[in-house]
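Structure data (mmCIF, C-alpha atoms) from run_6.cif:
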```cif
data_entry
loop_
_atom_site.label_atom_id
_atom_site.label_comp_id
_atom_site.auth_asym_id
_atom_site.auth_seq_id
_atom_site.Cartn_x
_atom_site.Cartn_y
_atom_site.Cartn_z
CA MET A 24 23.82 31.91 21.09
CA SER A 25 26.12 34.75 20.15
CA PHE A 26 25.34 36.98 17.23
CA ASN A 27 27.86 38.21 14.74
CA GLU A 28 27.28 40.44 11.73
CA MET A 29 26.07 37.59 9.51
CA ASP A 30 23.44 36.50 12.06
CA LEU A 31 21.70 39.88 12.14
CA PRO A 32 19.60 39.28 8.96
CA LEU A 33 18.62 35.86 10.28
CA ALA A 34 17.61 37.35 13.63
CA LEU A 35 15.54 40.07 11.95
CA GLY A 36 13.90 37.55 9.64
CA THR A 37 13.08 35.36 12.63
CA LEU A 38 11.53 38.28 14.45
CA VAL A 39 9.43 39.35 11.47
CA ALA A 40 8.26 35.79 10.77
CA SER A 41 7.26 35.21 14.39
CA LEU A 42 5.32 38.49 14.47
CA PHE A 43 3.43 37.52 11.30
CA ILE A 44 2.62 34.08 12.71
CA LEU A 45 1.38 35.65 15.94
CA ALA A 46 -0.75 38.21 14.08
CA ALA A 47 -2.28 35.50 11.87
CA PHE A 48 -3.09 33.43 14.95
CA PHE A 49 -4.95 36.28 16.65
CA LEU A 50 -6.85 37.18 13.47
CA ALA A 51 -7.99 33.57 13.08
CA LEU A 52 -8.92 33.43 16.77
CA PHE A 53 -11.02 36.57 16.29
CA ARG A 54 -12.83 34.88 13.39
CA ILE A 55 -13.56 31.84 15.57
CA LEU A 56 -15.03 34.00 18.31
CA ARG A 57 -17.00 36.36 16.05
CA GLY A 58 -17.65 34.23 12.97
CA PRO A 59 -21.09 34.77 11.46
CA SER A 60 -21.59 31.06 10.72
CA SER A 61 -20.33 27.69 11.81
CA PHE A 62 -18.62 27.17 8.46
CA ASP A 63 -16.53 30.31 9.03
CA ARG A 64 -15.52 28.95 12.40
CA VAL A 65 -14.47 25.61 10.88
CA VAL A 66 -12.31 27.36 8.29
CA ALA A 67 -10.73 29.55 10.98
CA LEU A 68 -10.07 26.49 13.13
CA ASP A 69 -8.35 24.81 10.20
CA LEU A 70 -6.34 27.98 9.67
CA ILE A 71 -5.20 27.91 13.30
CA GLY A 72 -4.06 24.33 12.75
CA GLY A 73 -2.02 25.50 9.76
CA ILE A 74 -0.58 28.40 11.73
CA CYS A 75 0.46 26.04 14.51
CA LEU A 76 2.13 23.82 11.92
CA CYS A 77 4.02 26.83 10.60
CA ALA A 78 5.16 27.70 14.10
CA ILE A 79 6.31 24.14 14.82
CA ILE A 80 8.24 23.94 11.55
CA PHE A 81 9.69 27.38 12.21
CA PHE A 82 10.95 26.21 15.62
CA ALA A 83 12.26 22.96 14.12
CA ILE A 84 14.35 24.87 11.62
CA TYR A 85 15.50 27.56 14.06
CA PHE A 86 16.51 25.14 16.85
CA ASP A 87 17.64 22.36 14.45
CA GLN A 88 15.30 19.73 15.93
CA GLU A 89 14.20 17.12 13.42
CA ALA A 90 11.84 15.45 15.92
CA LEU A 91 9.53 18.45 15.70
CA LEU A 92 8.98 17.74 12.00
CA ASP A 93 7.55 14.32 12.88
CA ALA A 94 5.20 15.98 15.34
CA ALA A 95 4.17 18.48 12.66
CA VAL A 96 3.22 15.68 10.26
CA ALA A 97 1.12 13.98 12.95
CA ILE A 98 -0.64 17.24 13.83
CA ALA A 99 -1.31 17.92 10.14
CA LEU A 100 -2.99 14.54 9.72
CA VAL A 101 -5.14 14.93 12.82
CA SER A 102 -6.09 18.47 11.83
CA PHE A 103 -7.09 17.37 8.33
CA ILE A 104 -9.22 14.47 9.56
CA GLY A 105 -10.85 16.66 12.21
CA THR A 106 -11.71 19.35 9.69
CA ILE A 107 -13.22 16.83 7.29
CA ALA A 108 -15.29 15.24 10.07
CA PHE A 109 -16.56 18.58 11.33
CA ALA A 110 -17.42 19.77 7.81
CA ARG A 111 -19.39 16.57 7.17
CA TYR A 112 -21.24 17.08 10.46
CA LEU A 113 -22.17 20.64 9.52
CA GLY A 114 -23.07 19.57 5.98
CA LYS A 115 -25.61 17.08 7.30
CA GLY A 116 -27.44 19.78 9.21
CA GLY A 117 -25.72 19.82 12.58
CA GLU A 118 -25.75 23.08 14.60
CA GLN A 119 -27.11 25.64 12.19
#
```

Hey, can you dump this file as structure tokens for me?
Amino acid sequence: MSFNEMDLPLALGTLVASLFILAAFFLALFRILRGPSSFDRVVALDLIGGICLCAIIFFAIYFDQEALLDAAVAIALVSFIGTIAFARYLGKGGEQ
């Protein structure tokens, strides 16, 4: 990929977006490791799922790969169902 003058804003935007995604991932990982309760850990785990979705969609747009969007939809569904199941488990008194 060669860069010309018009690609410089896109390259800077890509760099800034990837740094924000990476920072959000590590902050959510910190909350999983140090969360005061199991509910905080579930929310942080759901956030990491959303961050991974953002990263996959970001790569799909940047590399012009439509197949990654299908994978993102599948991951979103699995993440949603997993979060609901884990929240129900904790709501019924599991692992206080």

Original post:
By how many Å are atom CA of Ala110 of chain A and atom CA of Gly73 of chain A apart?
Top reply: 16.5 Å

Subject >> Explicit residue set for the PyMOL selection byres ((chain A and resi 54) around 12), as JSON, numbers by chain >> reply: {"A": [47, 48, 49, 50, 51, 52, 53, 55, 56, 57, 58, 59, 60, 61, 62, 63, 64, 65, 66, 67, 68, 69, 70, 71]}

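In terms of minimum interatomic distance to Ala83 of chain A, A:Ala95 ranks closest within A:Leu31, A:Ala95, A:Leu113, A:Ser102, counting only C-alpha atoms.
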
**OP:** For the file shown, report as a PyMOL selection string the outcome of the PyMOL selection byres ((chain A and resi 41) around 12) at residue level.
**Re:** chain A and resi 34-40+42-48+74-75+77-82+85

**OP:** Have a look at atom CA of Leu33 of chain A and atom CA of Ala90 of chain A and let me know their distance in Å, one decimal.
**Re:**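 Computing it gives 22.2 Å between the two atoms.
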
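Take the candidates A:Asp93, A:Ile84, A:Gly72, A:Asp30 and check each one against Gly105 of chain A using only C-alpha atoms; the shortest distance goes to A:Gly72.
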
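Between atom CA of Leu100 of chain A and atom CA of Leu76 of chain A there is a distance of 10.8 Å.
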